[in-house]
$ cat entry_37.cif   # mmCIF, C-alpha atoms and all ligand atoms
data_query
#
loop_
_atom_site.group_PDB
_atom_site.id
_atom_site.type_symbol
_atom_site.label_atom_id
_atom_site.label_comp_id
_atom_site.auth_asym_id
_atom_site.auth_seq_id
_atom_site.Cartn_x
_atom_site.Cartn_y
_atom_site.Cartn_z
ATOM 1 C CA MET A 1330 -25.549 -4.517 3.604
ATOM 2 C CA ARG A 1331 -26.456 -0.942 4.292
ATOM 3 C CA TYR A 1332 -25.024 0.040 7.659
ATOM 4 C CA ALA A 1333 -21.585 0.225 9.221
ATOM 5 C CA ILE A 1334 -21.204 1.132 12.864
ATOM 6 C CA ILE A 1335 -17.853 2.668 13.759
ATOM 7 C CA PRO A 1336 -17.356 3.026 17.517
ATOM 8 C CA ALA A 1337 -15.249 6.139 18.117
ATOM 9 C CA ALA A 1338 -16.139 7.439 21.565
ATOM 10 C CA GLY A 1339 -13.026 6.166 23.399
ATOM 11 C CA PHE A 1340 -10.410 8.510 24.849
ATOM 12 C CA ALA A 1341 -7.223 6.887 23.535
ATOM 13 C CA THR A 1342 -5.327 7.468 26.771
ATOM 14 C CA ARG A 1343 -2.335 5.559 25.363
ATOM 15 C CA PHE A 1344 -1.833 8.453 22.971
ATOM 16 C CA LEU A 1345 -1.939 11.311 25.471
ATOM 17 C CA PRO A 1346 -1.073 14.128 25.144
ATOM 18 C CA ALA A 1347 -1.606 13.813 21.363
ATOM 19 C CA SER A 1348 -5.199 12.658 21.894
ATOM 20 C CA LYS A 1349 -6.036 15.466 24.345
ATOM 21 C CA CYS A 1350 -7.753 17.689 21.748
ATOM 22 C CA VAL A 1351 -7.507 15.697 18.512
ATOM 23 C CA PRO A 1352 -9.600 12.517 18.323
ATOM 24 C CA LYS A 1353 -7.350 9.513 17.832
ATOM 25 C CA GLU A 1354 -9.503 8.514 14.828
ATOM 26 C CA LEU A 1355 -8.227 11.632 13.036
ATOM 27 C CA PHE A 1356 -4.530 10.941 13.600
ATOM 28 C CA PRO A 1357 -2.960 10.783 10.167
ATOM 29 C CA ILE A 1358 -1.706 7.550 8.755
ATOM 30 C CA LEU A 1359 0.498 9.144 6.143
ATOM 31 C CA ASP A 1360 -1.781 11.878 4.770
ATOM 32 C CA LYS A 1361 -5.210 10.464 5.606
ATOM 33 C CA PRO A 1362 -6.843 10.203 9.012
ATOM 34 C CA ALA A 1363 -7.335 6.685 10.348
ATOM 35 C CA ALA A 1364 -11.132 7.072 10.214
ATOM 36 C CA GLN A 1365 -11.075 7.734 6.471
ATOM 37 C CA TYR A 1366 -9.359 4.402 5.762
ATOM 38 C CA ILE A 1367 -12.091 2.658 7.747
ATOM 39 C CA VAL A 1368 -14.944 4.489 6.000
ATOM 40 C CA GLU A 1369 -13.355 3.782 2.598
ATOM 41 C CA GLU A 1370 -13.111 0.110 3.533
ATOM 42 C CA ALA A 1371 -16.839 0.030 4.377
ATOM 43 C CA VAL A 1372 -17.805 1.907 1.203
ATOM 44 C CA SER A 1373 -15.654 -0.442 -0.909
ATOM 45 C CA ALA A 1374 -17.829 -3.307 0.386
ATOM 46 C CA GLY A 1375 -20.985 -1.547 -0.812
ATOM 47 C CA ILE A 1376 -21.957 -0.134 2.598
ATOM 48 C CA ASN A 1377 -23.375 3.356 2.257
ATOM 49 C CA SER A 1378 -24.669 4.408 5.672
ATOM 50 C CA VAL A 1379 -21.944 4.986 8.211
ATOM 51 C CA ILE A 1380 -22.870 5.485 11.852
ATOM 52 C CA PHE A 1381 -20.132 6.910 14.065
ATOM 53 C CA ILE A 1382 -20.546 6.385 17.797
ATOM 54 C CA THR A 1383 -18.957 9.480 19.230
ATOM 55 C CA GLY A 1384 -18.814 11.447 22.438
ATOM 56 C CA MET A 1385 -17.701 14.789 23.783
ATOM 57 C CA GLY A 1386 -14.789 16.313 21.837
ATOM 58 C CA LYS A 1387 -15.185 13.948 18.873
ATOM 59 C CA GLU A 1388 -17.259 16.186 16.564
ATOM 60 C CA SER A 1389 -14.327 16.880 14.230
ATOM 61 C CA ILE A 1390 -14.500 13.241 13.036
ATOM 62 C CA LEU A 1391 -17.834 14.115 11.433
ATOM 63 C CA ASP A 1392 -16.489 17.396 10.023
ATOM 64 C CA HIS A 1393 -13.895 15.369 8.147
ATOM 65 C CA PHE A 1394 -16.625 13.738 6.059
ATOM 66 C CA ASP A 1395 -18.361 17.037 5.220
ATOM 67 C CA THR A 1396 -17.523 18.877 2.022
ATOM 68 C CA ILE A 1397 -14.351 20.868 2.415
ATOM 69 C CA ASN A 1398 -14.443 24.360 3.938
ATOM 70 C CA PRO A 1399 -14.755 26.772 0.957
ATOM 71 C CA LYS A 1400 -11.858 28.799 2.385
ATOM 72 C CA PHE A 1401 -9.450 26.119 1.119
ATOM 73 C CA PRO A 1402 -8.208 27.140 -2.354
ATOM 74 C CA VAL A 1403 -9.174 23.777 -3.861
ATOM 75 C CA ALA A 1404 -9.369 25.073 -7.454
ATOM 76 C CA LYS A 1405 -5.683 26.052 -7.255
ATOM 77 C CA LEU A 1406 -4.439 22.732 -5.893
ATOM 78 C CA ASN A 1407 -2.482 20.225 -7.950
ATOM 79 C CA SER A 1408 -4.734 17.721 -9.689
ATOM 80 C CA ASP A 1409 -3.740 14.763 -7.495
ATOM 81 C CA ILE A 1410 -4.668 16.464 -4.203
ATOM 82 C CA LYS A 1411 -7.725 18.053 -5.818
ATOM 83 C CA SER A 1412 -9.107 14.722 -6.953
ATOM 84 C CA ARG A 1413 -8.485 13.195 -3.518
ATOM 85 C CA ILE A 1414 -10.460 16.053 -1.929
ATOM 86 C CA GLU A 1415 -13.276 15.649 -4.442
ATOM 87 C CA ASP A 1416 -13.421 11.902 -3.768
ATOM 88 C CA LEU A 1417 -13.639 12.547 -0.044
ATOM 89 C CA ASP A 1418 -16.317 15.234 -0.507
ATOM 90 C CA SER A 1419 -18.555 12.682 -2.192
ATOM 91 C CA LEU A 1420 -17.467 9.562 -0.257
ATOM 92 C CA VAL A 1421 -20.435 9.057 2.052
ATOM 93 C CA ASP A 1422 -22.938 10.740 4.350
ATOM 94 C CA VAL A 1423 -22.237 9.977 7.967
ATOM 95 C CA ILE A 1424 -24.636 9.769 10.895
ATOM 96 C CA SER A 1425 -23.585 10.114 14.487
ATOM 97 C CA VAL A 1426 -24.905 8.811 17.789
ATOM 98 C CA ARG A 1427 -23.538 9.931 21.110
ATOM 99 C CA GLN A 1428 -22.344 7.469 23.695
ATOM 100 C CA LYS A 1429 -22.621 9.573 26.822
ATOM 101 C CA LYS A 1430 -20.681 7.219 29.085
ATOM 102 C CA PRO A 1431 -17.802 4.828 28.310
ATOM 103 C CA LEU A 1432 -19.864 1.694 28.910
ATOM 104 C CA GLY A 1433 -18.017 -0.584 26.509
ATOM 105 C CA LEU A 1434 -18.036 -1.836 22.939
ATOM 106 C CA GLY A 1435 -21.317 -3.732 23.341
ATOM 107 C CA HIS A 1436 -23.030 -0.583 24.553
ATOM 108 C CA ALA A 1437 -21.559 1.470 21.671
ATOM 109 C CA VAL A 1438 -22.806 -1.096 19.156
ATOM 110 C CA LEU A 1439 -26.236 -1.086 20.787
ATOM 111 C CA LYS A 1440 -26.433 2.714 20.483
ATOM 112 C CA GLY A 1441 -25.696 2.443 16.755
ATOM 113 C CA ALA A 1442 -27.965 -0.560 16.291
ATOM 114 C CA GLU A 1443 -30.925 1.592 17.337
ATOM 115 C CA LEU A 1444 -30.628 3.114 13.842
ATOM 116 C CA VAL A 1445 -30.334 -0.009 11.687
ATOM 117 C CA ASP A 1446 -34.020 -0.975 11.281
ATOM 118 C CA ARG A 1447 -33.508 -4.464 12.767
ATOM 119 C CA LYS A 1448 -31.433 -5.468 9.742
ATOM 120 C CA SER A 1449 -27.985 -7.097 9.660
ATOM 121 C CA PHE A 1450 -25.190 -4.551 9.991
ATOM 122 C CA SER A 1451 -21.417 -4.352 10.085
ATOM 123 C CA VAL A 1452 -19.103 -3.068 12.807
ATOM 124 C CA LEU A 1453 -15.617 -1.778 12.004
ATOM 125 C CA LEU A 1454 -13.281 -0.908 14.876
ATOM 126 C CA PRO A 1455 -11.221 2.069 13.775
ATOM 127 C CA ASP A 1456 -8.127 1.063 15.767
ATOM 128 C CA MET A 1457 -7.485 -1.793 13.382
ATOM 129 C CA LEU A 1458 -6.175 -0.904 9.930
ATOM 130 C CA VAL A 1459 -6.677 -3.601 7.291
ATOM 131 C CA VAL A 1460 -4.424 -3.132 4.261
ATOM 132 C CA PRO A 1461 -5.069 -5.545 1.367
ATOM 133 C CA THR A 1462 -1.916 -7.170 -0.030
ATOM 134 C CA GLY A 1463 -3.582 -8.095 -3.328
ATOM 135 C CA SER A 1464 -6.937 -7.826 -5.006
ATOM 136 C CA VAL A 1465 -9.075 -9.533 -2.328
ATOM 137 C CA ASN A 1466 -11.466 -7.159 -0.561
ATOM 138 C CA SER A 1467 -12.095 -9.002 2.707
ATOM 139 C CA MET A 1468 -14.904 -6.761 3.917
ATOM 140 C CA LEU A 1469 -16.720 -7.391 0.638
ATOM 141 C CA GLU A 1470 -16.065 -11.139 0.999
ATOM 142 C CA MET A 1471 -17.588 -11.003 4.481
ATOM 143 C CA VAL A 1472 -20.674 -9.198 3.148
ATOM 144 C CA LYS A 1473 -21.034 -11.797 0.361
ATOM 145 C CA LEU A 1474 -20.650 -14.680 2.810
ATOM 146 C CA HIS A 1475 -23.321 -13.162 5.021
ATOM 147 C CA GLU A 1476 -25.638 -12.681 2.044
ATOM 148 C CA ARG A 1477 -25.114 -16.312 0.998
ATOM 149 C CA THR A 1478 -25.584 -17.855 4.434
ATOM 150 C CA GLY A 1479 -27.579 -15.354 6.510
ATOM 151 C CA ARG A 1480 -25.002 -15.851 9.289
ATOM 152 C CA SER A 1481 -22.995 -13.416 11.349
ATOM 153 C CA VAL A 1482 -19.402 -13.266 10.101
ATOM 154 C CA ILE A 1483 -16.368 -12.290 12.171
ATOM 155 C CA ALA A 1484 -12.951 -11.475 10.692
ATOM 156 C CA LEU A 1485 -10.045 -13.309 12.302
ATOM 157 C CA MET A 1486 -6.257 -13.163 12.260
ATOM 158 C CA LYS A 1487 -3.555 -15.455 13.581
ATOM 159 C CA VAL A 1488 -1.644 -14.003 16.518
ATOM 160 C CA PRO A 1489 1.420 -15.224 18.441
ATOM 161 C CA GLU A 1490 0.952 -16.631 21.957
ATOM 162 C CA HIS A 1491 2.018 -13.448 23.776
ATOM 163 C CA MET A 1492 -0.551 -11.332 21.897
ATOM 164 C CA LYS A 1493 -3.587 -13.483 22.688
ATOM 165 C CA SER A 1494 -4.415 -11.604 25.880
ATOM 166 C CA LYS A 1495 -4.962 -8.383 23.888
ATOM 167 C CA TYR A 1496 -7.806 -9.718 21.752
ATOM 168 C CA GLY A 1497 -10.963 -11.768 21.622
ATOM 169 C CA ILE A 1498 -9.873 -15.332 20.729
ATOM 170 C CA VAL A 1499 -12.153 -17.820 18.989
ATOM 171 C CA GLU A 1500 -12.202 -21.583 18.716
ATOM 172 C CA GLY A 1501 -14.089 -23.365 15.949
ATOM 173 C CA THR A 1502 -14.446 -26.123 13.404
ATOM 174 C CA SER A 1503 -12.749 -25.591 10.066
ATOM 175 C CA LEU A 1504 -14.992 -25.357 7.001
ATOM 176 C CA GLY A 1505 -12.011 -25.040 4.628
ATOM 177 C CA ASN A 1506 -11.049 -21.963 2.592
ATOM 178 C CA ASN A 1507 -10.073 -19.971 5.686
ATOM 179 C CA LEU A 1508 -13.602 -20.257 7.072
ATOM 180 C CA LEU A 1509 -14.738 -21.765 10.334
ATOM 181 C CA LYS A 1510 -17.829 -22.335 12.371
ATOM 182 C CA ILE A 1511 -17.140 -20.615 15.676
ATOM 183 C CA THR A 1512 -17.766 -22.759 18.747
ATOM 184 C CA LYS A 1513 -16.249 -20.605 21.474
ATOM 185 C CA MET A 1514 -15.144 -17.028 21.975
ATOM 186 C CA ILE A 1515 -13.085 -15.764 24.907
ATOM 187 C CA GLU A 1516 -12.356 -12.073 25.467
ATOM 188 C CA LYS A 1517 -8.690 -11.430 26.292
ATOM 189 C CA PRO A 1518 -7.934 -14.946 27.584
ATOM 190 C CA ALA A 1519 -5.542 -15.624 30.440
ATOM 191 C CA PRO A 1520 -2.309 -17.378 29.320
ATOM 192 C CA GLY A 1521 -2.819 -21.082 28.695
ATOM 193 C CA SER A 1522 -6.622 -20.930 28.650
ATOM 194 C CA THR A 1523 -7.026 -21.666 24.922
ATOM 195 C CA ASP A 1524 -4.963 -23.429 22.264
ATOM 196 C CA SER A 1525 -6.444 -21.325 19.486
ATOM 197 C CA ASN A 1526 -4.406 -18.498 17.987
ATOM 198 C CA LEU A 1527 -7.292 -16.934 16.056
ATOM 199 C CA ALA A 1528 -8.007 -13.388 17.199
ATOM 200 C CA VAL A 1529 -10.940 -11.122 16.435
ATOM 201 C CA VAL A 1530 -9.716 -8.379 14.097
ATOM 202 C CA GLY A 1531 -12.449 -5.817 14.701
ATOM 203 C CA ARG A 1532 -14.568 -6.392 11.586
ATOM 204 C CA TYR A 1533 -17.962 -7.959 12.239
ATOM 205 C CA ILE A 1534 -21.162 -8.581 10.324
ATOM 206 C CA LEU A 1535 -23.938 -9.214 12.795
ATOM 207 C CA THR A 1536 -27.496 -10.403 12.419
ATOM 208 C CA PRO A 1537 -30.262 -8.429 14.178
ATOM 209 C CA SER A 1538 -30.492 -11.152 16.882
ATOM 210 C CA ILE A 1539 -27.445 -9.533 18.483
ATOM 211 C CA ILE A 1540 -29.518 -6.392 19.136
ATOM 212 C CA GLU A 1541 -32.018 -8.299 21.292
ATOM 213 C CA ILE A 1542 -29.163 -9.918 23.181
ATOM 214 C CA LEU A 1543 -27.441 -6.580 23.798
ATOM 215 C CA GLU A 1544 -30.725 -5.011 24.898
ATOM 216 C CA LYS A 1545 -31.049 -7.659 27.605
ATOM 217 C CA GLN A 1546 -27.415 -7.526 28.688
ATOM 218 C CA GLU A 1547 -26.889 -5.915 32.076
ATOM 219 C CA ILE A 1548 -23.949 -3.674 32.837
ATOM 220 C CA LYS A 1549 -22.594 -4.543 36.259
ATOM 221 C CA LYS A 1550 -21.533 -1.563 38.341
ATOM 222 C CA GLY A 1551 -18.065 -0.339 37.378
ATOM 223 C CA SER A 1552 -17.891 -2.646 34.369
ATOM 224 C CA GLU A 1553 -18.640 -2.505 30.640
ATOM 225 C CA MET A 1554 -20.979 -4.182 28.171
ATOM 226 C CA GLN A 1555 -18.810 -6.497 26.070
ATOM 227 C CA LEU A 1556 -19.699 -7.265 22.466
ATOM 228 C CA THR A 1557 -17.935 -10.602 22.909
ATOM 229 C CA ASP A 1558 -20.357 -11.624 25.697
ATOM 230 C CA ALA A 1559 -23.280 -10.939 23.342
ATOM 231 C CA ILE A 1560 -21.671 -12.970 20.536
ATOM 232 C CA VAL A 1561 -21.094 -15.856 22.970
ATOM 233 C CA LYS A 1562 -24.847 -15.784 23.711
ATOM 234 C CA LEU A 1563 -25.626 -15.590 19.991
ATOM 235 C CA LEU A 1564 -23.732 -18.889 19.531
ATOM 236 C CA ASP A 1565 -26.502 -20.636 21.528
ATOM 237 C CA SER A 1566 -29.125 -19.787 18.917
ATOM 238 C CA GLU A 1567 -27.306 -19.139 15.612
ATOM 239 C CA GLU A 1568 -24.292 -20.379 13.726
ATOM 240 C CA VAL A 1569 -21.552 -17.722 13.625
ATOM 241 C CA LEU A 1570 -18.855 -17.913 10.962
ATOM 242 C CA GLY A 1571 -15.237 -16.831 11.220
ATOM 243 C CA MET A 1572 -13.211 -15.710 8.205
ATOM 244 C CA VAL A 1573 -9.418 -15.668 8.548
ATOM 245 C CA ILE A 1574 -8.307 -12.598 6.606
ATOM 246 C CA ASP A 1575 -4.623 -12.215 7.355
ATOM 247 C CA ASP A 1576 -3.425 -14.179 4.312
ATOM 248 C CA ASP A 1577 -4.914 -11.416 2.145
ATOM 249 C CA ASN A 1578 -4.191 -8.378 4.308
ATOM 250 C CA LEU A 1579 -1.664 -6.719 6.545
ATOM 251 C CA ILE A 1580 -3.369 -5.831 9.790
ATOM 252 C CA PHE A 1581 -2.054 -3.003 11.958
ATOM 253 C CA ASP A 1582 -3.299 -2.295 15.479
ATOM 254 C CA THR A 1583 -3.011 1.488 15.186
ATOM 255 C CA GLY A 1584 -4.492 1.838 18.680
ATOM 256 C CA SER A 1585 -1.019 0.949 19.962
ATOM 257 C CA VAL A 1586 1.970 3.239 19.428
ATOM 258 C CA GLU A 1587 3.905 0.363 17.833
ATOM 259 C CA GLY A 1588 1.137 -0.497 15.361
ATOM 260 C CA PHE A 1589 0.632 3.164 14.533
ATOM 261 C CA VAL A 1590 4.331 3.669 13.774
ATOM 262 C CA LEU A 1591 4.513 0.445 11.735
ATOM 263 C CA ALA A 1592 1.440 1.388 9.673
ATOM 264 C CA ASN A 1593 2.803 4.839 8.934
ATOM 265 C CA THR A 1594 6.280 3.574 8.102
ATOM 266 C CA PHE A 1595 5.059 0.719 5.918
ATOM 267 C CA LEU A 1596 2.591 2.832 3.932
ATOM 268 C CA ALA A 1597 5.170 5.592 3.464
ATOM 269 C CA MET A 1598 7.817 3.150 2.193
ATOM 270 C CA LYS A 1599 5.282 1.533 -0.116
ATOM 271 C CA ARG A 1600 4.025 4.752 -1.630
ATOM 272 C CA PHE A 1601 7.379 6.556 -1.752
ATOM 273 C CA PRO A 1602 10.069 3.927 -2.516
ATOM 274 C CA GLU A 1603 12.608 6.762 -2.726
ATOM 275 C CA PHE A 1604 12.261 7.239 1.069
ATOM 276 C CA ARG A 1605 13.569 3.736 1.784
ATOM 277 C CA ASN A 1606 17.248 4.581 1.449
ATOM 278 C CA SER A 1607 16.880 7.717 3.574
ATOM 279 C CA LEU A 1608 15.232 5.665 6.323
ATOM 280 C CA LYS A 1609 17.889 2.950 6.114
ATOM 281 C CA ASP A 1610 20.699 5.547 6.260
ATOM 282 C CA LEU A 1611 19.084 7.368 9.161
ATOM 283 C CA LEU A 1612 18.692 4.183 11.193
ATOM 284 C CA GLU A 1613 22.123 2.747 10.368
ATOM 285 C CA LYS A 1614 23.953 5.963 11.203
ATOM 286 C CA ASN A 1615 22.055 6.893 14.326
ATOM 287 C CA LEU A 1616 20.643 3.831 16.048
HETATM 288 C C1 LIG B 1 -12.056 -5.237 21.030
HETATM 289 C C2 LIG B 1 -12.792 -6.571 21.109
HETATM 290 C C3 LIG B 1 -11.810 -7.721 20.917
HETATM 291 C C4 LIG B 1 -11.067 -7.546 19.603
HETATM 292 C C5 LIG B 1 -10.382 -6.185 19.561
HETATM 293 C C6 LIG B 1 -9.758 -5.899 18.204
HETATM 294 O O1 LIG B 1 -11.205 -5.121 22.142
HETATM 295 O O2 LIG B 1 -13.432 -6.661 22.365
HETATM 296 O O3 LIG B 1 -12.483 -8.954 20.929
HETATM 297 O O4 LIG B 1 -10.122 -8.575 19.434
HETATM 298 O O5 LIG B 1 -11.324 -5.128 19.828
HETATM 299 O O6 LIG B 1 -9.078 -4.694 18.247
HETATM 300 P P1 LIG B 1 -10.562 -3.696 22.550
HETATM 301 O O7 LIG B 1 -9.390 -3.471 21.629
HETATM 302 O O8 LIG B 1 -11.638 -2.664 22.378
HETATM 303 O O9 LIG B 1 -10.129 -3.861 23.967
#
$ encode --input "entry_37.cif" --output "structure tokens" --more "lines below"
Ligand code: G1P
Amino acid sequence: MRYAIIPAAGFATRFLPASKCVPKELFPILDKPAAQYIVEEAVSAGINSVIFITGMGKESILDHFDTINPKFPVAKLNSDIKSRIEDLDSLVDVISVRQKKPLGLGHAVLKGAELVDRKSFSVLLPDMLVVPTGSVNSMLEMVKLHERTGRSVIALMKVPEHMKSKYGIVEGTSLGNNLLKITKMIEKPAPGSTDSNLAVVGRYILTPSIIEILEKQEIKKGSEMQLTDAIVKLLDSEEVLGMVIDDDNLIFDTGSVEGFVLANTFLAMKRFPEFRNSLKDLLEKNL
């Protein structure tokens, strides 16, 4: 698997005014921007060409993956920070495609897919942060499953009833081992319209057939091109597999203020256990 498409052209209105000048994808989760976690996740699965779909005001996302500005006194930094900067300098080369108009996730993926030589590719949505709880690398597992079966693979997570309307929800037949053959996919279902609680995480491996489907998909006036609609069409001609990944990962929706705060708090408490008592004290005394 060579390519990862990372759609990053959205405006993140939920985070205004913070997102007015700084792309949401560069908001720090602890001391790394969200986009770096996503690129590292792709690279850890052996993917080495990263295509960002960007738009006006988003250029600094690409700057982040350049070598560091020589004005920074890197040689004088402590060895821990220095090695993290060196790792980032050599992490990956990124490519960028502009999405001139906000025409939806399907359209963003199609823009990126123009660069993937009609090969299978992955899509990682940067709003979703996937933090492994153990040694399983789910993105790598998805790549391996695709290589074994030739099928598209979609990462899934279990969500409570009230969260279903925020995500794409899939129905399917269990194949055991947290895998299923997807039979139906509904984007942001109305309450009561599906019994399934399996939501699309925002990690996809897609076969090139999806490109032809997206190319034919019309965008109705005032609406968007949905990736889910294209995957629903794909189900008519190809088997699509779902992989439930939330037993092996914590998944944070950092596109919401709540998910962003939880991700930051959790990662801080994990990395700096000494902060836990200060946080507890602060909350107990003041809230
Ligand atoms: C997109 C997808 C949806 C998926 C979600 C994950 O929705 O359309 O199926 O569950 O990402 O974050 P969006 O969040 O862009 O509205």
$ atom_distance --input "entry_37.cif" --atom1 "CA of Thr1557 (chain A)" --atom2 "CA of Phe1344 (chain A)"
24.9 Å
$ residues_near_point --input "entry_37.cif" --point "(10.3, 3.4, 6.2)" --cutoff "12 Å" --atoms "only C-alpha atoms" --output "ChimeraX atom specification"
/A:1359,1590-1612
$ atom_distance --input "entry_37.cif" --atom1 "CA of Met1554 (chain A)" --atom2 "CA of Ile1483 (chain A)"
18.5 Å
$ residues_near_ligand --input "entry_37.cif" --ligand "ligand LIG 1 (chain B)" --cutoff "8 Å" --atoms "only C-alpha atoms and all ligand atoms" --output "count of residues only"
21
$ residues_around --input "entry_37.cif" --residues "Ala1371 (chain A)" --least-positions-apart "6" --cutoff "8 Å" --atoms "only C-alpha atoms" --output "MDAnalysis selection string"
chainID A and resid 1333 1377 1453 1468
$ closest_residue --input "entry_37.cif" --among "A:Ser1389, A:Thr1512, A:Asn1578, A:Ser1538" --to "Ala1559 (chain A)" --atoms "only C-alpha atoms"
A:Ser1538
$ resolve_selection --input "entry_37.cif" --expression "the PyMOL selection byres (((chain A and resi 1526) around 6) and not hetatm)" --output "ChimeraX atom specification"
/A:1487-1488,1525,1527
$ closest_residue --input "entry_37.cif" --among "A:Ser1425, A:Ser1585, A:Ser1566, A:Ser1412" --to "Met1385 (chain A)" --atoms "all atoms listed in the file"
A:Ser1425
$ residues_around --input "entry_37.cif" --residues "Gly1479 (chain A)" --least-positions-apart "4" --cutoff "12 Å" --atoms "only C-alpha atoms" --output "list of chain:residue names"
A:Met1330, A:Lys1448, A:Ser1449, A:Phe1450, A:Met1471, A:Val1472, A:Lys1473, A:Leu1474, A:His1475, A:Ile1534, A:Leu1535, A:Thr1536, A:Pro1537, A:Ser1538, A:Glu1567, A:Glu1568, A:Val1569, A:Leu1570
$ axis_aligned_box --input "entry_37.cif" --around "region 1491-1509 of chain A" --padding-each-side "4 Å" --output "JSON"
{"center_x": -6.5, "center_y": -17.3, "center_z": 14.2, "size_x": 25.0, "size_y": 25.7, "size_z": 31.3}
$ atom_distance --input "entry_37.cif" --atom1 "CA of Val1379 (chain A)" --atom2 "CA of Pro1402 (chain A)"
28.1 Å
$ build_atoms --input "entry_37.cif" --residues "region 1331-1345 of chain A" --atoms "N, CA, C and O atoms" --output "PDB file, keeping the file's coordinate frame"
ATOM      1  N   ARG A1331     -26.371  -2.393   4.382  1.00  0.00           N
ATOM      2  CA  ARG A1331     -26.456  -0.942   4.292  1.00  0.00           C
ATOM      3  C   ARG A1331     -25.592  -0.226   5.339  1.00  0.00           C
ATOM      4  O   ARG A1331     -24.960   0.793   5.055  1.00  0.00           O
ATOM      5  N   TYR A1332     -25.585  -0.746   6.568  1.00  0.00           N
ATOM      6  CA  TYR A1332     -25.024   0.040   7.659  1.00  0.00           C
ATOM      7  C   TYR A1332     -23.667  -0.448   8.151  1.00  0.00           C
ATOM      8  O   TYR A1332     -23.446  -1.647   8.283  1.00  0.00           O
ATOM      9  N   ALA A1333     -22.820   0.517   8.485  1.00  0.00           N
ATOM     10  CA  ALA A1333     -21.585   0.225   9.221  1.00  0.00           C
ATOM     11  C   ALA A1333     -21.610   1.061  10.489  1.00  0.00           C
ATOM     12  O   ALA A1333     -21.888   2.260  10.434  1.00  0.00           O
ATOM     13  N   ILE A1334     -21.344   0.403  11.597  1.00  0.00           N
ATOM     14  CA  ILE A1334     -21.204   1.132  12.864  1.00  0.00           C
ATOM     15  C   ILE A1334     -19.713   1.238  13.174  1.00  0.00           C
ATOM     16  O   ILE A1334     -18.993   0.230  13.143  1.00  0.00           O
ATOM     17  N   ILE A1335     -19.271   2.459  13.424  1.00  0.00           N
ATOM     18  CA  ILE A1335     -17.853   2.668  13.759  1.00  0.00           C
ATOM     19  C   ILE A1335     -17.775   3.285  15.156  1.00  0.00           C
ATOM     20  O   ILE A1335     -18.068   4.473  15.329  1.00  0.00           O
ATOM     21  N   PRO A1336     -17.436   2.487  16.160  1.00  0.00           N
ATOM     22  CA  PRO A1336     -17.356   3.026  17.517  1.00  0.00           C
ATOM     23  C   PRO A1336     -16.128   3.935  17.651  1.00  0.00           C
ATOM     24  O   PRO A1336     -15.007   3.524  17.360  1.00  0.00           O
ATOM     25  N   ALA A1337     -16.365   5.176  18.060  1.00  0.00           N
ATOM     26  CA  ALA A1337     -15.249   6.139  18.117  1.00  0.00           C
ATOM     27  C   ALA A1337     -15.407   7.083  19.309  1.00  0.00           C
ATOM     28  O   ALA A1337     -15.095   8.261  19.211  1.00  0.00           O
ATOM     29  N   ALA A1338     -15.908   6.558  20.419  1.00  0.00           N
ATOM     30  CA  ALA A1338     -16.139   7.439  21.565  1.00  0.00           C
ATOM     31  C   ALA A1338     -15.013   7.350  22.599  1.00  0.00           C
ATOM     32  O   ALA A1338     -14.971   8.140  23.529  1.00  0.00           O
ATOM     33  N   GLY A1339     -14.081   6.403  22.391  1.00  0.00           N
ATOM     34  CA  GLY A1339     -13.026   6.166  23.399  1.00  0.00           C
ATOM     35  C   GLY A1339     -12.041   7.328  23.492  1.00  0.00           C
ATOM     36  O   GLY A1339     -11.924   8.148  22.571  1.00  0.00           O
ATOM     37  N   PHE A1340     -11.300   7.371  24.600  1.00  0.00           N
ATOM     38  CA  PHE A1340     -10.410   8.510  24.849  1.00  0.00           C
ATOM     39  C   PHE A1340      -8.965   8.320  24.393  1.00  0.00           C
ATOM     40  O   PHE A1340      -8.185   9.257  24.408  1.00  0.00           O
ATOM     41  N   ALA A1341      -8.588   7.135  24.019  1.00  0.00           N
ATOM     42  CA  ALA A1341      -7.223   6.887  23.535  1.00  0.00           C
ATOM     43  C   ALA A1341      -6.163   7.407  24.495  1.00  0.00           C
ATOM     44  O   ALA A1341      -5.260   8.166  24.119  1.00  0.00           O
ATOM     45  N   THR A1342      -6.272   6.986  25.751  1.00  0.00           N
ATOM     46  CA  THR A1342      -5.327   7.468  26.771  1.00  0.00           C
ATOM     47  C   THR A1342      -3.877   7.080  26.462  1.00  0.00           C
ATOM     48  O   THR A1342      -2.960   7.777  26.861  1.00  0.00           O
ATOM     49  N   ARG A1343      -3.704   5.979  25.700  1.00  0.00           N
ATOM     50  CA  ARG A1343      -2.335   5.559  25.363  1.00  0.00           C
ATOM     51  C   ARG A1343      -1.626   6.588  24.498  1.00  0.00           C
ATOM     52  O   ARG A1343      -0.424   6.568  24.352  1.00  0.00           O
ATOM     53  N   PHE A1344      -2.418   7.454  23.877  1.00  0.00           N
ATOM     54  CA  PHE A1344      -1.833   8.453  22.971  1.00  0.00           C
ATOM     55  C   PHE A1344      -1.827   9.864  23.557  1.00  0.00           C
ATOM     56  O   PHE A1344      -1.611  10.822  22.822  1.00  0.00           O
ATOM     57  N   LEU A1345      -2.045   9.986  24.866  1.00  0.00           N
ATOM     58  CA  LEU A1345      -1.939  11.311  25.471  1.00  0.00           C
ATOM     59  C   LEU A1345      -0.477  11.755  25.458  1.00  0.00           C
ATOM     60  O   LEU A1345       0.401  10.908  25.587  1.00  0.00           O
TER      61      LEU A1345
END
